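Undergrad: Supplied in structure tokens, the structure appears directly below.
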Amino acid sequence: MGAPPTRPVDRALTKPRRRLTSAVAALIALLAVGAGVLVGLSTPAPAPADAPEREFSAARAYRNVEVIAAEPHVAGSAANDRVREHLVATLRGLGLQTEVQDAVAPEAGQLSGAAGGATLARVRNVVARLPGTDPTGKVFLVSHYDSVQTGPGGNDDAAGTATILEVARALTTGPRLRNDIVFVLTDAEEACLCGAAGFAADHPLARDGGVVLNLEARGSTGPVIMFETSRNNAKLVEVFGKAAPHPVGTSFAVEIYRALPNDTDFTAFLDRKFVGLNSAYIDGGAIYHTPLDVPARVDRGSLQMHGDNALGLAREFGRTDLGDLSADHDDTYFPVLGGLVSYPGWLTLPLAVAALLAVGALGWLLRRRGRATAGTLAAGFGLTLLPVVVAPLGAWLLWAAITTIRPGYAELLDPYRPVWYRLAVVALSAAVLFCWYALLRRRVGPAALAFGGLAWLAVFGVLLAVAVPGGAYLTTLPALAGALAGFAALATRRDGPWPVVAVTLAAAVAVVILLPPVVLLFPALGMGMGAVAALVAVLLGLAVLPVVDLLHPRAGGQRGLLALRARRLGALPAAAAALAAVVLAGVGLAVDRFDAAHPVPTHLMYALDAGTGKAAWLTREEKPQPWTDGYVDRSIAVADDFPGLGNSEMRAGPAAAAPLPAPKLDLLSDTRTGDQRVLRVRVTPQRQVRLLTLHVDTSTATVRSASVAGRDVPVEPGGGKWGFGIVFHAPPPEGVEVTLTLVPGAGAVSVRAMDASDGLSGVPGFRERPEGVGVVGSHSSEMLAVARTYPL
């Protein structure tokens, strides 16, 4: 007679007598913490127009939004002139010293133009100053007042500009601050960041630097996020956490933004060694740069948050000794229930190593206490990679399927109503995690799987500490909290309340730290990169595995039908999450349909060679929408004919030639010195345009140096036929003077001039968009370009 079969061992960290009660209590606690996190990320109630005069009022600021964003006002346009006049009158009406800086300025960072060369603009910045009583420096409040050509810019950046006007009003009603406050409303940000670059480089008030608070928007709603700082930001972050009433910001966002090829006016100030903070609200990105970005789409709560923070920071920096802001390190920081937690960046790697050692010690203790074996610990570690990989892959496949059904999403930063899709990705991530856990829990053991989750969090923490230090807290702190909870659980009776309390507290730490990035990554990156949010959601799930375990029956002691029933009960969370993902995605497709108020975005341009009389319709849509597809039938490279449009391929189709003049090129002087030829030319638009370009055929001459409107520009020849180019935004009616120093070839020097305006309504063959078809948010949407080659 054989020995009786051994009973399966329950290897969980906790074994409460009342499992269901413990699970419900833990879940209620975590839901309460999660609700607190979401409240901390919410926007405040907008203050009414009769709010106290020293406070910021979204209602008062909104009145200026309505004026500024009454119509599209691209740099150089008559509409932009009207906006500027309103800004000057408003600031002077507050008694502020106000001027307009009228200058030709280069692009921030002197980035190359469309096909090599340099980008410049004529800018007219509005600058006002509130003198301090005993200045230790200057505080600059910055936003741009121009809009894109495709929309009136209600959020981007009429909201920021109106916020500064209301902050200026509030500051002038109270006692004067110690430091100078300078209000800088820049021009041509949308074109090239040239207004900010011109102010930071050339304006006398910018000569000694200072603290910059830049206000932006890349959407229409959501919390205002402080997403970028200057280097060595420890003192700045300290002030932000203390003075901003709604301090939403993370060092992880700063790290990510520094790695991305994105720029705002803040870039121009960083190039000139200013210090400061960059803030924006970013949700509701579907209307970004489109005709839908009207004042009515400005979320008053987001506007109030912008103003509350800007006013609080202006007052704090206004009374601070600005000579005492230097630091030798960045801080790590993140929001916690309406506040901000920060610690020195030099602690990042030691904390990550400590978390890794603590998790390793927990694994050793689990083995010593019989909760796991070396084999199950290794299995738990290795198999935990499955949800880490599968959940983001599933999110990517889900969005690929949705965009196949709704291809118009490909041209949107985010859907118009993205919440259902975001919830579907979170539910899918939960389904993957729950399914993985249900399948492996009895075989590997709850303690080993919890160890595996914490071990990967700790490993990621070390990797992040080395590569992306500001983001290491995301996994280091949950791993450390989980390890400490594991020690506490092992030090007390498993069937008592304290193990449940310990793992719930550790899970709460994970919720506080990891829930904000899950929420904020969706609008920051868009649904096209929802896989990143799915990854963070899975990391959150791994951190709370001991609480997840409470949703399952005991891990051991059942046989036969009881074991089968236990497995079925364990599969319920996974099945519920998977069903939720399908339902939520379906609801998203049903709710977020394209219509007149939420049109499918399309991109179309018209390009004419005035020398040959040939014209073409062009689009940047890789897979043209049905409306666009009626204009284009093939892919072409446009660089040879229209170098000002860039080097990428576009979809194109034949178009009738419109009777439009090319820009005029006048040769003002032509001199030779040795082997060099100096050409001085004037390029003059023959119609109302927003940009001019001039490119040199480098097979006919080598460009040694160049100047535009008296300003030297870098010579960085690019590839292709037109190897050197100049792009000039907001050109004056009298044109732009360009001086080229060349080494000519055997024949004439060949140059190609192009100008571009906005609006296709008068072009032969253009059909107005039907209801439900809109304009994509792009700097080249609705562009009408005319080019001609001139031999010199």
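Ordering of the structure tokens sets the chain letters (A, B, ...), residue numbers begin anew at 1 in every chain, and ligands are numbered from 1 in the order given.
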Write out as a VMD selection string each polymer residue whose atoms come within 9 Å of stretch 335-350 of chain A, counting only C-alpha atoms; drop sequence neighbours fewer than 2 positions from it.
TA: chain A and resid 33 36 to 41 234 237 to 238 240 to 242 245 to 250 329 to 333 352 to 355 461 to 462 464 to 466 469 to 470 472 to 473 476 512 to 513 516
Undergrad: I'd like to know which residues of stretch 157-186 of chain A are helix (DSSP H, G or I) (by DSSP, run on the backbone); could you write them as number ranges by chain?
TA: A: 157-173
Undergrad: Given the selection you just returned, output its residues as a file containing C-alpha atoms, formatted as a PDB file, in the first residue's frame.
TA:
```
ATOM      1  CA  ASP A 157      -1.472  79.305 -27.655  1.00  0.00           C
ATOM      2  CA  ALA A 158      -4.217  81.855 -27.097  1.00  0.00           C
ATOM      3  CA  ALA A 159      -4.791  80.132 -23.755  1.00  0.00           C
ATOM      4  CA  GLY A 160      -1.177  80.649 -22.699  1.00  0.00           C
ATOM      5  CA  THR A 161      -1.132  84.238 -23.926  1.00  0.00           C
ATOM      6  CA  ALA A 162      -4.419  85.055 -22.198  1.00  0.00           C
ATOM      7  CA  THR A 163      -3.099  83.409 -19.037  1.00  0.00           C
ATOM      8  CA  ILE A 164      -0.104  85.748 -19.053  1.00  0.00           C
ATOM      9  CA  LEU A 165      -2.320  88.793 -19.570  1.00  0.00           C
ATOM     10  CA  GLU A 166      -4.451  87.781 -16.572  1.00  0.00           C
ATOM     11  CA  VAL A 167      -1.344  87.022 -14.477  1.00  0.00           C
ATOM     12  CA  ALA A 168       0.024  90.459 -15.419  1.00  0.00           C
ATOM     13  CA  ARG A 169      -3.242  92.051 -14.293  1.00  0.00           C
ATOM     14  CA  ALA A 170      -3.141  90.189 -10.968  1.00  0.00           C
ATOM     15  CA  LEU A 171       0.497  91.112 -10.331  1.00  0.00           C
ATOM     16  CA  THR A 172      -0.133  94.806 -10.963  1.00  0.00           C
ATOM     17  CA  THR A 173      -2.923  94.909  -8.369  1.00  0.00           C
TER      18      THR A 173
END
```
Undergrad: What does the structure give for the distance between atom CA of A:Leu742 and atom CA of A:Asp641, in Å to one decimal?
TA: 22.2 Å
Undergrad: Restricting the calculation to only C-alpha atoms: of A:Val388, A:Ala401, A:Leu691, A:Leu413, which residue gets closest to A:Ala286?
TA: A:Leu413
Undergrad: Name the closest residue to A:Tyr62 among the candidates A:Pro791, A:Gly93, A:Gly154, A:Pro387; distances are taken between atoms, counting only C-alpha atoms.
TA: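 The answer is A:Gly154, which sits nearest to A:Tyr62.
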Undergrad: Which residues are close to A:Asp495, i.e. within 6 Å by only C-alpha atoms, leaving aside same-chain residues fewer than 5 positions away? Reply as an MDAnalysis selection string.
TA: chainID A and resid 15:17
Undergrad: Can you measure atom CA of A:Leu393 to atom CA of A:Pro478 for me? One decimal in Å is fine.
TA: 23.6 Å
Undergrad: In Å, with one decimal, what is the gap from atom CA of A:Leu20 to atom CA of A:Val503?
TA: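 Interatomic distance, atom CA of A:Leu20 to atom CA of A:Val503: 15.6 Å.
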Undergrad: Find, counting only C-alpha atoms, the residue in A:Asp156, A:Glu66, A:Glu737, A:Glu622 that gets nearest to A:Leu679.
TA: A:Glu737
Undergrad: Here is a test: counting only C-alpha atoms, which residue of A:Ala25, A:Arg319, A:Pro517, A:Glu85 is nearest to A:Ser251?
TA: A:Pro517
